[in-house]
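S.K.: File follows, start.cif with mmCIF, C-alpha atoms:
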data_upload
loop_
_atom_site.label_atom_id
_atom_site.label_comp_id
_atom_site.auth_asym_id
_atom_site.auth_seq_id
_atom_site.Cartn_x
_atom_site.Cartn_y
_atom_site.Cartn_z
CA MET Q 1 -31.59 -32.41 21.71
CA ARG Q 2 -30.74 -32.65 18.01
CA ALA Q 3 -31.56 -28.97 17.56
CA LEU Q 4 -29.20 -28.02 20.43
CA LYS Q 5 -26.50 -30.16 18.86
CA ILE Q 6 -26.89 -28.36 15.53
CA ILE Q 7 -26.84 -24.94 17.23
CA GLY Q 8 -23.72 -25.92 19.14
CA ALA Q 9 -22.07 -27.12 15.93
CA ILE Q 10 -22.89 -23.82 14.22
CA ILE Q 11 -21.36 -21.83 17.07
CA ILE Q 12 -18.21 -23.94 17.14
CA SER Q 13 -17.94 -23.78 13.33
CA ALA Q 14 -18.20 -19.99 13.53
CA ALA Q 15 -15.34 -19.92 16.04
CA LEU Q 16 -13.33 -22.24 13.78
CA LEU Q 17 -14.06 -19.97 10.83
CA ALA Q 18 -12.83 -16.93 12.76
CA GLY Q 19 -9.61 -18.69 13.77
CA GLU Q 20 -8.97 -19.92 10.24
CA VAL Q 21 -9.60 -16.51 8.72
CA PHE Q 22 -6.98 -15.04 11.05
CA LEU Q 23 -4.45 -17.78 10.23
CA MET Q 24 -5.09 -17.45 6.50
CA ALA Q 25 -4.67 -13.68 6.74
CA ALA Q 26 -1.36 -14.16 8.55
CA PHE Q 27 -0.28 -16.72 5.94
CA ALA Q 28 -1.33 -14.40 3.09
CA PHE Q 29 0.61 -11.55 4.72
CA ASP Q 30 3.77 -13.66 4.95
CA ARG Q 31 3.46 -14.88 1.37
CA ALA Q 32 2.72 -11.40 0.03
CA LEU Q 33 5.96 -10.07 1.52
CA SER Q 34 8.09 -13.08 0.59
CA GLU Q 35 11.12 -12.58 -1.64
CA GLU Q 36 9.58 -14.80 -4.33
CA SER Q 37 6.37 -12.76 -4.43
CA LEU Q 38 8.26 -9.48 -4.41
CA ARG Q 39 10.61 -10.46 -7.23
CA LYS Q 40 7.71 -11.70 -9.37
CA ALA Q 41 5.80 -8.44 -8.82
CA VAL Q 42 8.88 -6.35 -9.62
CA GLU Q 43 9.48 -8.24 -12.87
CA GLU Q 44 5.85 -8.42 -14.05
CA ASN Q 45 5.27 -4.70 -13.46
CA ASN Q 46 8.57 -3.65 -15.05
CA LEU Q 47 9.31 -1.75 -11.85
CA VAL Q 48 13.04 -1.52 -12.57
CA GLU Q 49 12.50 -0.06 -16.04
CA ALA Q 50 9.86 2.36 -14.80
CA MET Q 51 12.14 3.76 -12.09
CA VAL Q 52 15.21 4.02 -14.29
CA GLU Q 53 13.40 5.45 -17.31
CA GLU Q 54 11.90 8.14 -15.09
CA ALA Q 55 15.31 9.07 -13.75
CA LEU Q 56 16.97 9.01 -17.20
CA ARG Q 57 14.17 10.85 -19.00
CA GLU Q 58 16.08 14.11 -19.05
CA SER Q 59 19.45 12.49 -19.69
CA THR Q 60 22.03 13.50 -22.31
CA VAL Q 61 21.54 12.78 -26.03
CA SER Q 62 24.27 10.12 -25.98
CA MET Q 63 22.78 8.38 -22.97
CA GLY Q 64 19.22 8.47 -24.22
CA GLY Q 65 20.13 7.77 -27.84
CA GLU Q 66 23.14 5.74 -28.87
CA TYR Q 67 23.63 4.08 -25.50
CA GLY Q 68 20.07 4.28 -24.17
CA GLU Q 69 19.04 0.77 -25.19
CA MET Q 70 22.35 -0.63 -23.99
CA VAL Q 71 21.83 0.95 -20.57
CA MET Q 72 18.34 -0.52 -20.37
CA SER Q 73 19.71 -3.96 -21.33
CA VAL Q 74 22.01 -3.74 -18.33
CA MET Q 75 19.16 -2.53 -16.13
CA ARG Q 76 17.07 -5.58 -17.11
CA THR Q 77 19.71 -8.11 -16.00
CA ASP Q 78 19.24 -10.41 -13.02
CA ALA Q 79 22.01 -8.54 -11.21
CA MET Q 80 20.13 -5.24 -11.39
CA THR Q 81 16.75 -6.87 -10.72
CA ASP Q 82 18.15 -8.56 -7.62
CA PHE Q 83 19.64 -5.25 -6.51
CA PHE Q 84 16.38 -3.33 -6.88
CA THR Q 85 14.32 -6.19 -5.43
CA ASP Q 86 16.52 -6.28 -2.32
CA TYR Q 87 16.08 -2.54 -1.98
CA VAL Q 88 12.30 -2.60 -2.34
CA GLU Q 89 12.10 -5.53 0.10
CA ALA Q 90 14.14 -3.58 2.65
CA ALA Q 91 11.96 -0.50 2.18
CA ILE Q 92 8.74 -2.46 2.68
CA ASP Q 93 10.27 -4.39 5.57
CA HIS Q 94 11.06 -1.05 7.19
CA GLU Q 95 7.50 0.20 6.78
CA ILE Q 96 5.81 -3.02 7.94
CA TYR Q 97 8.10 -4.34 10.66
CA GLY Q 98 10.11 -1.23 11.54
CA ASN Q 99 13.41 -2.97 10.76
CA PRO Q 100 16.45 -0.73 10.14
CA TYR Q 101 16.91 0.32 6.55
CA THR Q 102 19.54 2.41 4.75
CA GLU Q 103 18.72 4.51 1.71
CA ILE Q 104 20.43 3.44 -1.47
CA GLY Q 105 23.64 5.25 -2.41
CA THR Q 106 25.62 5.93 -5.57
CA ASP Q 107 28.32 3.36 -4.76
CA GLN Q 108 25.80 0.52 -4.41
CA LEU Q 109 24.12 1.54 -7.67
CA MET Q 110 27.40 1.61 -9.59
CA ASN Q 111 28.54 -1.75 -8.18
CA ALA Q 112 25.25 -3.32 -9.24
CA PHE Q 113 25.60 -1.74 -12.70
CA THR Q 114 29.06 -3.27 -13.07
CA ARG Q 115 27.66 -6.71 -12.26
CA GLY Q 116 24.91 -6.08 -14.81
CA VAL Q 117 27.45 -5.28 -17.52
CA GLU Q 118 29.32 -8.49 -16.71
CA GLU Q 119 26.07 -10.43 -17.00
CA VAL Q 120 25.23 -8.87 -20.39
CA ASN Q 121 28.68 -9.76 -21.72
CA SER Q 122 28.52 -13.32 -20.34
CA GLU Q 123 25.18 -14.02 -22.04
CA GLY Q 124 26.64 -13.21 -25.45
CA GLY Q 125 23.52 -11.55 -26.85
CA GLU Q 126 24.99 -8.06 -26.65
CA SER Q 127 28.55 -7.00 -25.97
CA VAL Q 128 29.59 -3.97 -23.93
CA SER Q 129 33.17 -2.92 -24.54
CA PRO Q 130 35.33 -1.55 -21.70
CA LEU Q 131 35.20 1.88 -23.37
CA GLU Q 132 31.40 1.78 -23.65
CA GLU Q 133 31.11 0.60 -20.07
CA GLU Q 134 33.30 3.44 -18.85
CA PHE Q 135 31.32 6.01 -20.83
CA MET Q 136 28.00 4.69 -19.55
CA LYS Q 137 29.29 4.72 -15.99
CA GLN Q 138 30.36 8.35 -16.33
CA GLU Q 139 26.96 9.30 -17.67
CA LEU Q 140 25.22 7.18 -15.03
CA LEU Q 141 27.25 8.91 -12.32
CA ARG Q 142 25.90 12.25 -13.53
CA GLU Q 143 22.37 10.88 -13.30
CA ALA Q 144 22.97 8.95 -10.06
CA PRO Q 145 21.54 11.64 -7.74
CA ASP Q 146 18.26 11.62 -9.70
CA ILE Q 147 18.17 7.82 -9.84
CA THR Q 148 18.89 7.32 -6.14
CA ALA Q 149 16.40 10.04 -5.20
CA ASP Q 150 13.76 8.31 -7.33
CA LEU Q 151 14.53 4.95 -5.75
CA ASN Q 152 14.48 6.35 -2.22
CA SER Q 153 11.06 7.88 -2.87
CA LEU Q 154 9.65 4.33 -2.91
CA VAL Q 155 9.07 4.47 0.83
CA GLY Q 156 6.95 7.58 0.42
CA GLU Q 157 4.94 5.94 -2.35
CA TYR Q 158 4.41 2.90 -0.15
CA ASP Q 159 3.10 5.15 2.63
CA ALA Q 160 0.63 6.65 0.18
CA LEU Q 161 -0.60 3.22 -0.87
CA GLY Q 162 -0.86 2.08 2.73
CA GLY Q 163 -2.90 5.14 3.64
CA ARG Q 164 -5.28 4.67 0.76
CA ALA Q 165 -5.79 0.92 0.50
CA ALA Q 166 -4.39 -1.06 3.40
CA GLU Q 167 -5.81 1.21 6.06
CA GLU Q 168 -9.34 0.45 4.96
CA ALA Q 169 -8.80 -3.27 5.57
CA LEU Q 170 -6.41 -3.53 8.48
CA GLN Q 171 -5.69 -0.23 10.18
CA PRO Q 172 -2.03 -0.93 9.30
CA ALA Q 173 -0.07 -0.41 12.52
CA GLU Q 174 -2.36 -2.35 14.87
CA GLY Q 175 -3.47 -4.85 12.23
CA VAL Q 176 0.09 -5.70 11.24
CA ARG Q 177 1.14 -6.06 14.88
CA ILE Q 178 -1.65 -8.55 15.50
CA LEU Q 179 -1.08 -10.52 12.28
CA THR Q 180 2.64 -10.88 12.90
CA GLY Q 181 2.39 -11.57 16.63
CA VAL Q 182 3.57 -15.03 17.68
CA ALA Q 183 1.19 -15.13 20.63
CA GLU Q 184 -1.78 -14.19 18.48
CA ARG Q 185 -0.95 -16.84 15.90
CA ALA Q 186 -0.46 -19.49 18.57
CA ALA Q 187 -3.81 -18.57 20.13
CA ALA Q 188 -5.52 -18.90 16.74
CA VAL Q 189 -3.95 -22.33 16.17
CA ILE Q 190 -5.09 -23.52 19.61
CA LEU Q 191 -8.61 -22.19 18.97
CA CYS Q 192 -8.81 -24.07 15.66
CA LEU Q 193 -7.55 -27.32 17.20
CA ILE Q 194 -10.07 -27.08 20.04
CA CYS Q 195 -12.91 -26.43 17.57
CA VAL Q 196 -11.91 -29.35 15.34
CA ALA Q 197 -11.68 -31.64 18.36
CA ALA Q 198 -15.06 -30.44 19.66
CA LEU Q 199 -16.80 -31.01 16.32
CA ALA Q 200 -15.19 -34.43 15.93
CA PHE Q 201 -16.37 -35.37 19.42
CA MET Q 202 -19.93 -34.07 18.88
CA PHE Q 203 -20.30 -36.18 15.73
CA ARG Q 204 -18.07 -39.06 16.81
CA ARG Q 205 -20.53 -41.71 15.66
CA SER Q 206 -21.23 -40.35 12.19
CA ARG Q 207 -17.77 -38.77 11.74
CA LEU Q 208 -19.57 -35.82 10.13
CA GLY Q 209 -17.83 -33.36 12.44
CA LEU Q 210 -14.99 -33.33 9.92
CA ILE Q 211 -17.45 -32.26 7.23
CA TRP Q 212 -18.42 -29.30 9.43
CA CYS Q 213 -14.70 -28.48 9.68
CA ALA Q 214 -14.32 -28.78 5.92
CA ALA Q 215 -17.29 -26.47 5.33
CA ALA Q 216 -15.88 -23.79 7.66
CA THR Q 217 -12.43 -24.06 6.08
CA ALA Q 218 -13.79 -23.91 2.53
CA THR Q 219 -15.84 -20.83 3.46
CA ALA Q 220 -12.73 -19.06 4.77
CA ALA Q 221 -10.77 -20.08 1.67
CA SER Q 222 -13.54 -18.79 -0.60
CA ALA Q 223 -13.42 -15.41 1.12
CA PHE Q 224 -9.71 -15.11 0.32
CA MET Q 225 -10.28 -16.29 -3.24
CA LEU Q 226 -12.81 -13.48 -3.67
CA LEU Q 227 -10.30 -11.01 -2.24
CA SER Q 228 -7.68 -12.22 -4.71
CA ALA Q 229 -10.01 -11.34 -7.58
CA GLY Q 230 -9.37 -7.67 -6.78
CA GLN Q 231 -11.39 -4.62 -7.70
CA PRO Q 232 -12.15 -3.75 -11.33
CA ALA Q 233 -10.84 -0.40 -12.50
CA GLN Q 234 -13.40 2.37 -12.06
CA PRO Q 235 -13.89 5.09 -14.71
CA GLY Q 236 -12.30 8.37 -13.74
CA VAL Q 237 -9.91 6.78 -11.23
CA ALA Q 238 -6.24 7.61 -11.79
CA GLU Q 239 -4.04 4.74 -12.91
CA LEU Q 240 -1.84 3.18 -10.26
CA SER Q 241 1.92 3.58 -10.46
CA SER Q 242 4.19 0.61 -11.23
CA LEU Q 243 5.04 0.37 -7.54
CA GLU Q 244 1.41 0.39 -6.45
CA ASN Q 245 0.55 -2.27 -9.02
CA ALA Q 246 3.49 -4.35 -7.77
CA LEU Q 247 2.30 -4.09 -4.17
CA LEU Q 248 -1.26 -5.01 -5.11
CA ASP Q 249 0.04 -7.99 -7.09
CA MET Q 250 1.97 -9.13 -4.01
CA LEU Q 251 -1.18 -8.85 -1.90
CA THR Q 252 -3.22 -10.75 -4.47
CA SER Q 253 -0.57 -13.48 -4.58
CA GLY Q 254 -0.79 -13.81 -0.81
CA PHE Q 255 -4.60 -14.08 -0.91
CA ARG Q 256 -4.44 -16.79 -3.58
CA ALA Q 257 -1.86 -18.77 -1.63
CA ALA Q 258 -4.04 -18.59 1.49
CA ALA Q 259 -7.12 -19.68 -0.47
CA ALA Q 260 -5.24 -22.62 -1.98
CA ALA Q 261 -3.99 -23.71 1.45
CA GLY Q 262 -7.55 -23.48 2.78
CA TYR Q 263 -9.06 -25.57 -0.01
CA ILE Q 264 -6.36 -28.23 0.42
CA THR Q 265 -7.08 -28.37 4.17
CA ALA Q 266 -10.82 -28.66 3.52
CA ALA Q 267 -10.18 -31.52 1.07
CA ILE Q 268 -8.04 -33.29 3.67
CA PHE Q 269 -10.91 -33.06 6.20
CA VAL Q 270 -13.30 -34.61 3.65
CA ILE Q 271 -10.86 -37.40 2.72
CA ILE Q 272 -10.25 -38.29 6.39
CA CYS Q 273 -14.02 -38.32 7.00
CA VAL Q 274 -14.62 -40.65 4.05
CA ILE Q 275 -11.84 -43.00 5.16
CA MET Q 276 -13.06 -43.09 8.77
CA ARG Q 277 -16.69 -43.72 7.74
CA ALA Q 278 -15.60 -46.50 5.39
CA ALA Q 279 -13.48 -48.07 8.12
CA ARG Q 280 -16.40 -47.87 10.57
CA ARG Q 281 -18.80 -49.53 8.12
CA LYS Q 282 -16.28 -52.29 7.47
CA LYS Q 283 -15.86 -52.82 11.20
CA LEU Q 284 -19.63 -53.09 11.78
CA ARG Q 285 -20.06 -55.78 9.13
#
Produce structure tokens that represent the structure in this file.
M.R.:
Amino acid sequence: MRALKIIGAIIISAALLAGEVFLMAAFAFDRALSEESLRKAVEENNLVEAMVEEALRESTVSMGGEYGEMVMSVMRTDAMTDFFTDYVEAAIDHEIYGNPYTEIGTDQLMNAFTRGVEEVNSEGGESVSPLEEEFMKQELLREAPDITADLNSLVGEYDALGGRAAEEALQPAEGVRILTGVAERAAAVILCLICVAALAFMFRRSRLGLIWCAAATATAASAFMLLSAGQPAQPGVAELSSLENALLDMLTSGFRAAAAAGYITAAIFVIICVIMRAARRKKLR
């Protein structure tokens, strides 16, 4: 009888593990694509500078020399970072969820640049005169087609990354549909609740069912912690672009958040078990 009980607990724990892995994957997916995660990845990988420097590489002597550093100071402002982050978020949102998305245009770029100049002047570290601003805008307008073309190529780069990395793990279209589906998430939650209730009932005297729950949850969390460690660079493999590094950082951030949530949940199971066992012993005295 005891052996059957253990076998039953193992089966239920396996079902709980499967449900929790799905929920953690969905949570990691949401966190990876959050605005906070995206902005952090954009800033840490210098994505704005990489895109702009590429577009301005063949610029005029005045733009690349006397005013080059000033232009980059404007490009590093929060106004420009917000602008590019919103764009990248829209591009990724389009690829993942199929939401409508409009390619960036010259007018939007120039408006953001104006806000960036205002921010530079307000900070007081560097001053951009009206004449310098007008000159930089004229030069930027000449380069705008290259800049906007470079920015709009982000979607194509994302497709390339998705084909090479994400497809191996999820089969993107179907995997994303399942992970983001409300019905699928609700079903996973119900499965987990049923499994927790079943384990608690099976070990209602010892209260050790919650320890089984904690073990399954910690196992799922550990899997995501291992995923967050990433893959070490292999000799002979081409370096990833700034965009690809940013996307991988976002994914890693999502995995870490899911692992942390899992470990916290496992700890809560253990704490509740300890409290319930202590209360039971006190009651029996």
S.K.: I'd like the interatomic distance between atom CA of Q:Val74 and atom CA of Q:Val117, to a tenth of an Å.
M.R.: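 Atom-to-atom, atom CA of Q:Val74 to atom CA of Q:Val117, that is 5.7 Å.
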S.K.: Using the chain letters and numbers from this file, what does the PyMOL selection byres ((chain Q and resi 215) around 10) select? Give the answer as a ChimeraX atom specification.
M.R.: /Q:13,17,209-214,216-221,263,266-267,269-270
S.K.: I want to know what sits within 12 Å of Q:Ala26, based on all atoms listed in the file, with residues of the same chain fewer than 4 positions away left out; could you give that as a PyMOL selection string?
M.R.: chain Q and resi 19-22+30-33+170+175-182+184-186+188-189+224+251+254-255+257-258
S.K.: Please determine, counting only C-alpha atoms, which residue among Q:Ala90, Q:Met80, Q:Val71, Q:Gly116 has the shortest atom-to-atom distance to Q:Glu139.
M.R.: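 Between Q:Ala90, Q:Met80, Q:Val71, Q:Gly116, the residue approaching Q:Glu139 most closely is Q:Val71.
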S.K.: Taking only C-alpha atoms into account, which of Q:Ala200, Q:Leu248, Q:Leu208, Q:Ile12 comes nearest Q:Val274?
M.R.: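 The answer is Q:Leu208, which sits nearest to Q:Val274.
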S.K.: Report, in Å with one decimal, the straight-line distance from atom CA of Q:Met202 to atom CA of Q:Leu16.
M.R.: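 Separating atom CA of Q:Met202 from atom CA of Q:Leu16 is a distance of 14.5 Å.
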S.K.: In Å, with one decimal, what is the gap from atom CA of Q:Asp82 to atom CA of Q:Arg39?
M.R.: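 Those two atoms sit 7.8 Å apart.
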S.K.: Go through Q:Ala14, Q:Cys273, Q:Ala223, Q:Met75 and flag the residue nearest Q:Arg204, using all atoms listed in the file for the distances.
M.R.: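 Looking at the shortest contact to Q:Arg204, the residue is Q:Cys273.
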S.K.: Choose the residue, out of Q:Thr106, Q:Asn46, Q:Ser73, Q:Ser222, that has the smallest atom-to-atom separation from Q:Arg142; count all atoms listed in the file.
M.R.: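 Residue with the minimum atom-to-atom distance to Q:Arg142: Q:Thr106.
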S.K.: Using only C-alpha atoms for the distances, tell me which of Q:Ser206, Q:Asn111, Q:Thr85, Q:Thr77 is nearest to Q:Ser34.
M.R.: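 That would be Q:Thr85, the residue with the smallest distance to Q:Ser34.
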S.K.: Please determine, counting all atoms listed in the file, which residue among Q:Met70, Q:Leu109, Q:Ile275, Q:Leu23 has the shortest atom-to-atom distance to Q:Ala259.
M.R.: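 Nearest to Q:Ala259: Q:Leu23.
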S.K.: Listed atoms of stretch 18-31 of chain Q, axis-aligned box, 4 Å per side: centre and edge lengths to one decimal in Å, as AutoDock Vina command-line options?
M.R.:
--center_x -4.5 --center_y -15.7 --center_z 7.6 --size_x 24.6 --size_y 16.4 --size_z 20.4
